[in-house]
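To be precise, the following lines are data_39.cif, and they hold mmCIF, C-alpha atoms.
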```
data_protein
loop_
_atom_site.group_PDB
_atom_site.id
_atom_site.type_symbol
_atom_site.label_atom_id
_atom_site.label_comp_id
_atom_site.auth_asym_id
_atom_site.auth_seq_id
_atom_site.Cartn_x
_atom_site.Cartn_y
_atom_site.Cartn_z
ATOM 1 C CA MET L 2 -20.532 -9.986 -24.320
ATOM 2 C CA GLN L 3 -19.365 -13.585 -24.631
ATOM 3 C CA LYS L 4 -15.761 -12.386 -24.984
ATOM 4 C CA GLN L 5 -16.065 -10.420 -21.711
ATOM 5 C CA ALA L 6 -17.460 -13.506 -19.979
ATOM 6 C CA SER L 7 -14.531 -15.636 -21.173
ATOM 7 C CA VAL L 8 -12.011 -12.988 -20.051
ATOM 8 C CA ALA L 9 -13.707 -12.776 -16.634
ATOM 9 C CA ALA L 10 -13.712 -16.566 -16.353
ATOM 10 C CA GLY L 11 -10.015 -16.648 -17.282
ATOM 11 C CA LEU L 12 -9.194 -14.263 -14.437
ATOM 12 C CA ARG L 13 -10.754 -16.757 -12.049
ATOM 13 C CA SER L 14 -8.131 -19.339 -12.988
ATOM 14 C CA PRO L 15 -6.108 -19.887 -9.787
ATOM 15 C CA LEU L 16 -2.796 -19.597 -11.638
ATOM 16 C CA ILE L 17 -3.751 -16.340 -13.362
ATOM 17 C CA SER L 18 -5.185 -15.000 -10.114
ATOM 18 C CA VAL L 19 -1.924 -15.754 -8.292
ATOM 19 C CA ALA L 20 0.075 -14.026 -11.031
ATOM 20 C CA ILE L 21 -2.100 -10.899 -10.938
ATOM 21 C CA ALA L 22 -2.402 -10.846 -7.138
ATOM 22 C CA SER L 23 1.394 -11.030 -6.851
ATOM 23 C CA GLY L 24 1.399 -7.497 -8.212
ATOM 24 C CA ALA L 25 0.019 -6.290 -4.874
ATOM 25 C CA PHE L 26 3.268 -7.523 -3.388
ATOM 26 C CA ILE L 27 5.735 -6.768 -6.184
ATOM 27 C CA VAL L 28 4.557 -3.339 -7.417
ATOM 28 C CA PRO L 29 5.031 -1.436 -4.124
ATOM 29 C CA LEU L 30 8.421 -3.078 -3.675
ATOM 30 C CA ALA L 31 9.488 -2.082 -7.179
ATOM 31 C CA LEU L 32 8.179 1.481 -6.825
ATOM 32 C CA SER L 33 9.886 1.929 -3.459
ATOM 33 C CA ALA L 34 13.187 0.238 -4.281
ATOM 34 C CA SER L 35 14.856 3.348 -5.675
ATOM 35 C CA SER L 36 13.810 5.559 -2.794
ATOM 36 C CA SER L 37 14.281 3.490 0.330
ATOM 37 C CA PRO L 38 16.450 4.841 3.149
ATOM 38 C CA ALA L 39 18.961 2.027 2.816
ATOM 39 C CA PRO L 40 22.762 2.183 2.761
ATOM 40 C CA ASN L 41 22.704 1.532 -1.004
ATOM 41 C CA HIS L 42 21.006 4.964 -1.344
ATOM 42 C CA PRO L 43 23.471 7.007 0.734
ATOM 43 C CA GLY L 44 21.893 10.420 0.079
ATOM 44 C CA ILE L 45 18.444 9.237 1.156
ATOM 45 C CA PHE L 46 19.896 7.158 3.995
ATOM 46 C CA LEU L 47 21.873 10.060 5.481
ATOM 47 C CA TRP L 48 19.003 12.549 5.033
ATOM 48 C CA TYR L 49 16.554 10.212 6.783
ATOM 49 C CA ARG L 50 19.022 9.562 9.597
ATOM 50 C CA SER L 51 19.378 13.342 10.111
ATOM 51 C CA LEU L 52 15.651 13.912 10.633
ATOM 52 C CA ARG L 53 14.253 14.406 14.120
ATOM 53 C CA LYS L 54 11.829 11.583 14.851
ATOM 54 C CA PRO L 55 9.276 11.027 17.609
ATOM 55 C CA PHE L 56 9.709 8.525 20.408
ATOM 56 C CA PHE L 57 7.012 6.287 18.925
ATOM 57 C CA LYS L 58 8.791 5.703 15.596
ATOM 58 C CA PRO L 59 9.345 1.945 15.254
ATOM 59 C CA LYS L 60 12.848 0.531 14.991
ATOM 60 C CA ASP L 61 14.082 0.664 11.398
ATOM 61 C CA TRP L 62 13.990 -3.107 10.925
ATOM 62 C CA ILE L 63 10.315 -3.301 11.935
ATOM 63 C CA ILE L 64 9.102 -1.185 9.015
ATOM 64 C CA PRO L 65 10.089 -3.494 6.113
ATOM 65 C CA VAL L 66 8.931 -6.542 8.073
ATOM 66 C CA THR L 67 5.560 -4.861 8.627
ATOM 67 C CA TRP L 68 5.270 -3.903 4.958
ATOM 68 C CA PHE L 69 6.081 -7.477 3.956
ATOM 69 C CA GLY L 70 3.085 -8.686 5.970
ATOM 70 C CA ILE L 71 0.816 -5.910 4.727
ATOM 71 C CA GLU L 72 1.680 -6.490 1.078
ATOM 72 C CA ALA L 73 1.225 -10.250 1.514
ATOM 73 C CA ALA L 74 -2.212 -9.574 3.030
ATOM 74 C CA LEU L 75 -3.128 -7.256 0.148
ATOM 75 C CA ALA L 76 -2.010 -9.909 -2.346
ATOM 76 C CA THR L 77 -4.203 -12.424 -0.509
ATOM 77 C CA GLY L 78 -7.125 -9.996 -0.728
ATOM 78 C CA ALA L 79 -6.472 -9.524 -4.445
ATOM 79 C CA TYR L 80 -6.434 -13.279 -4.986
ATOM 80 C CA ARG L 81 -9.711 -13.722 -3.106
ATOM 81 C CA LEU L 82 -11.347 -10.963 -5.143
ATOM 82 C CA LEU L 83 -10.071 -12.394 -8.404
ATOM 83 C CA GLN L 84 -11.476 -15.779 -7.427
ATOM 84 C CA SER L 85 -14.910 -14.327 -6.691
ATOM 85 C CA ALA L 86 -17.692 -14.105 -9.242
ATOM 86 C CA PRO L 87 -17.346 -11.245 -11.738
ATOM 87 C CA SER L 88 -19.449 -8.222 -10.750
ATOM 88 C CA ALA L 89 -19.391 -4.445 -10.655
ATOM 89 C CA SER L 90 -18.617 -4.634 -6.913
ATOM 90 C CA ARG L 91 -15.632 -6.857 -7.604
ATOM 91 C CA ILE L 92 -14.312 -4.408 -10.205
ATOM 92 C CA ARG L 93 -14.695 -1.497 -7.768
ATOM 93 C CA ALA L 94 -12.899 -3.405 -5.001
ATOM 94 C CA LEU L 95 -10.049 -4.382 -7.346
ATOM 95 C CA ASN L 96 -9.755 -0.790 -8.577
ATOM 96 C CA TRP L 97 -9.452 0.498 -5.013
ATOM 97 C CA LEU L 98 -6.913 -2.197 -4.230
ATOM 98 C CA GLY L 99 -4.873 -1.250 -7.306
ATOM 99 C CA TRP L 100 -4.981 2.415 -6.364
ATOM 100 C CA ASN L 101 -3.733 1.598 -2.859
ATOM 101 C CA VAL L 102 -0.911 -0.543 -4.214
ATOM 102 C CA LEU L 103 0.261 2.342 -6.399
ATOM 103 C CA MET L 104 -0.048 4.795 -3.522
ATOM 104 C CA ILE L 105 2.288 2.722 -1.338
ATOM 105 C CA GLY L 106 5.147 3.211 -3.794
ATOM 106 C CA GLY L 107 4.120 6.796 -4.502
ATOM 107 C CA TRP L 108 4.268 7.747 -0.838
ATOM 108 C CA SER L 109 7.782 6.337 -0.532
ATOM 109 C CA ARG L 110 8.948 8.438 -3.467
ATOM 110 C CA LEU L 111 7.323 11.592 -2.058
ATOM 111 C CA PHE L 112 8.769 11.162 1.417
ATOM 112 C CA PHE L 113 12.209 9.699 0.808
ATOM 113 C CA LYS L 114 13.195 10.668 -2.722
ATOM 114 C CA ARG L 115 11.537 14.085 -3.023
ATOM 115 C CA ARG L 116 11.735 14.828 0.728
ATOM 116 C CA GLU L 117 8.247 16.359 0.659
ATOM 117 C CA LEU L 118 7.234 15.824 4.272
ATOM 118 C CA GLY L 119 4.090 17.968 4.122
ATOM 119 C CA ILE L 120 2.839 16.475 0.865
ATOM 120 C CA SER L 121 3.702 13.012 2.218
ATOM 121 C CA THR L 122 1.469 13.688 5.210
ATOM 122 C CA VAL L 123 -1.403 14.631 2.899
ATOM 123 C CA ALA L 124 -0.722 11.521 0.789
ATOM 124 C CA ALA L 125 -0.735 9.328 3.900
ATOM 125 C CA THR L 126 -4.056 10.824 4.963
ATOM 126 C CA THR L 127 -5.421 10.071 1.509
ATOM 127 C CA MET L 128 -4.197 6.490 1.868
ATOM 128 C CA VAL L 129 -6.214 6.112 5.080
ATOM 129 C CA ALA L 130 -9.399 7.122 3.263
ATOM 130 C CA SER L 131 -8.511 4.972 0.268
ATOM 131 C CA ALA L 132 -7.747 1.926 2.446
ATOM 132 C CA ALA L 133 -11.068 2.334 4.240
ATOM 133 C CA GLU L 134 -12.880 2.535 0.907
ATOM 134 C CA TYR L 135 -11.105 -0.593 -0.343
ATOM 135 C CA ILE L 136 -12.267 -2.463 2.758
ATOM 136 C CA ARG L 137 -15.824 -1.184 2.296
ATOM 137 C CA GLN L 138 -15.899 -2.205 -1.361
ATOM 138 C CA ALA L 139 -14.203 -5.573 -0.787
ATOM 139 C CA LYS L 140 -16.641 -6.444 2.011
ATOM 140 C CA GLN L 141 -19.456 -6.385 -0.560
ATOM 141 C CA VAL L 142 -17.648 -9.130 -2.484
ATOM 142 C CA ASP L 143 -15.600 -11.182 -0.024
ATOM 143 C CA ALA L 144 -15.278 -10.663 3.733
ATOM 144 C CA GLY L 145 -11.830 -12.280 3.770
ATOM 145 C CA ALA L 146 -10.550 -9.859 1.132
ATOM 146 C CA ALA L 147 -11.890 -6.994 3.231
ATOM 147 C CA ARG L 148 -10.198 -8.318 6.395
ATOM 148 C CA ALA L 149 -6.938 -8.587 4.431
ATOM 149 C CA GLY L 150 -7.025 -4.791 4.054
ATOM 150 C CA VAL L 151 -7.320 -4.078 7.788
ATOM 151 C CA PRO L 152 -3.559 -4.288 8.530
ATOM 152 C CA PHE L 153 -2.962 -1.794 5.707
ATOM 153 C CA LEU L 154 -5.565 0.594 7.117
ATOM 154 C CA ALA L 155 -4.119 0.272 10.618
ATOM 155 C CA TRP L 156 -0.552 0.859 9.430
ATOM 156 C CA VAL L 157 -1.301 3.845 7.201
ATOM 157 C CA SER L 158 -3.340 5.387 10.030
ATOM 158 C CA PHE L 159 -0.304 5.082 12.286
ATOM 159 C CA ALA L 160 2.018 6.183 9.477
ATOM 160 C CA THR L 161 -0.064 9.314 8.919
ATOM 161 C CA VAL L 162 0.472 10.350 12.530
ATOM 162 C CA LEU L 163 4.151 9.441 12.310
ATOM 163 C CA THR L 164 4.675 11.312 9.024
ATOM 164 C CA GLY L 165 2.843 14.383 10.302
ATOM 165 C CA THR L 166 4.894 14.378 13.488
ATOM 166 C CA ILE L 167 8.179 14.043 11.596
ATOM 167 C CA TRP L 168 7.079 16.915 9.361
ATOM 168 C CA ALA L 169 6.238 19.064 12.381
ATOM 169 C CA MET L 170 9.515 18.241 14.098
ATOM 170 C CA ASN L 171 11.573 19.141 11.018
ATOM 171 C CA ARG L 172 9.734 22.130 9.514
ATOM 172 C CA LYS L 173 12.373 24.702 10.378
ATOM 173 C CA ARG L 174 15.223 22.704 8.852
#
```

As structure tokens - that is how I would like this structure written.
Amino acid sequence: MQKQASVAAGLRSPLISVAIASGAFIVPLALSASSSPAPNHPGIFLWYRSLRKPFFKPKDWIIPVTWFGIEAALATGAYRLLQSAPSASRIRALNWLGWNVLMIGGWSRLFFKRRELGISTVAATTMVASAAEYIRQAKQVDAGAARAGVPFLAWVSFATVLTGTIWAMNRKR
């Protein structure tokens, strides 16, 4: 029991918290790097360019800028949770945050690398529910950490509609 208390106290060290929280920023970037629709991935880039897209799809440059802000907010939420007192609620909130971080990279691989538009739509819908649950769990621990998840929830809600529309527009291809 004393060992668990010292581990929990160690996680509250600002330096350790920053290092761990940085994962909320770095992990999605690393998971998505090999499947982004960028010129350095010509097959993915050309496939994505060939898809029919709805009028409400943001300009290509807006998407990585948005994700940068979202991932920074999630890292801030992670830091705030790690700095809060150890509790079962904190563990649940951090688990949901970790799951969401992994799902960001997973969605990118499903959509861009595997070209699974239908499954990507289901995954995006799952991310909406998961983001909402993270916010609910984080709110029990730290209101600021919960607010840090709101941009993620808003974006994945929009992205679910966008992904579903792209899937519908390209089903017969």

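For Ile136 of chain L, the residues within 8 Å (counting all atoms listed in the file, excluding itself and residues fewer than 2 positions away along the chain) are Ala94, Ala132, Ala133, Glu134, Gln138, Ala139, Lys140, Ala146, Ala147, Arg148, Gly150 and Val151 of chain L.
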
Grab the residues selected above and save them as a short mmCIF file (atom, residue, chain, number, x, y, z; two decimals), in the frame of the given file with C-alpha atoms.
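Output contents, as saved in out.cif:
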```cif
data_model
loop_
_atom_site.label_atom_id
_atom_site.label_comp_id
_atom_site.auth_asym_id
_atom_site.auth_seq_id
_atom_site.Cartn_x
_atom_site.Cartn_y
_atom_site.Cartn_z
CA ALA L 94 -12.90 -3.40 -5.00
CA ALA L 132 -7.75 1.93 2.45
CA ALA L 133 -11.07 2.33 4.24
CA GLU L 134 -12.88 2.54 0.91
CA GLN L 138 -15.90 -2.20 -1.36
CA ALA L 139 -14.20 -5.57 -0.79
CA LYS L 140 -16.64 -6.44 2.01
CA ALA L 146 -10.55 -9.86 1.13
CA ALA L 147 -11.89 -6.99 3.23
CA ARG L 148 -10.20 -8.32 6.40
CA GLY L 150 -7.02 -4.79 4.05
CA VAL L 151 -7.32 -4.08 7.79
#
```

Best match for closeness to Trp108 of chain L among L:Val123, L:Leu163, L:Leu95, L:Leu83, counting only C-alpha atoms: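 Closest to Trp108 of chain L, using only C-alpha atoms: L:Val123.
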
Which residue, L:Ile45, L:Ala79, L:Leu103, L:Ala39, has the smallest gap to Trp62 of chain L when you use only C-alpha atoms? L:Ala39

When you count only C-alpha atoms, which of these residues is closest to Val129 of chain L: L:Val142, L:Ala149, L:Leu111, L:Val162? L:Val162

Grab the atom CA of Ile17 of chain L to atom CA of Ile71 of chain L distance for me, in Å with one decimal place. 21.4 Å

In terms of only C-alpha atoms, the residue from L:Gln141, L:Ser85, L:Thr67, L:Asn96 at minimal distance from Phe153 of chain L is L:Thr67

Atom CA of Thr77 of chain L to atom CA of Phe159 of chain L, straight-line distance in Å: 22.0 Å

Rounded to one decimal in Å, what is the spacing between atom CA of Ile63 of chain L and atom CA of Trp156 of chain L? 11.9 Å

Nearby residues (only C-alpha atoms) at most 12 Å from Gly44 of chain L, same-chain spacing under 4 positions excluded, as a list in words: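 Once the nearby chain positions are removed, what remains is Ser35, Ser36, Ser37, Pro38, Ala39, Pro40, Trp48, Tyr49, Arg50, Ser51, Phe113, Lys114, Arg115 and Arg116 of chain L.
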
The residue from L:Lys173, L:Arg93, L:Arg53, L:Lys60 with the smallest atom-to-atom distance to Tyr135 of chain L, counting all atoms listed in the file, is L:Arg93

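Distance check against Pro55 of chain L using only C-alpha atoms: of L:Ser14, L:Pro43, L:Thr164, L:Arg172, the minimum falls on L:Thr164.
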
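For the structure in this document, the set picked by the PyMOL selection byres ((chain L and resi 119) around 10) is Leu111, Phe112, Arg116, Glu117, Leu118, Ile120, Ser121, Thr122, Val123, Ala124, Ala125, Thr164, Gly165, Ile167, Trp168, Ala169 and Arg172 of chain L.
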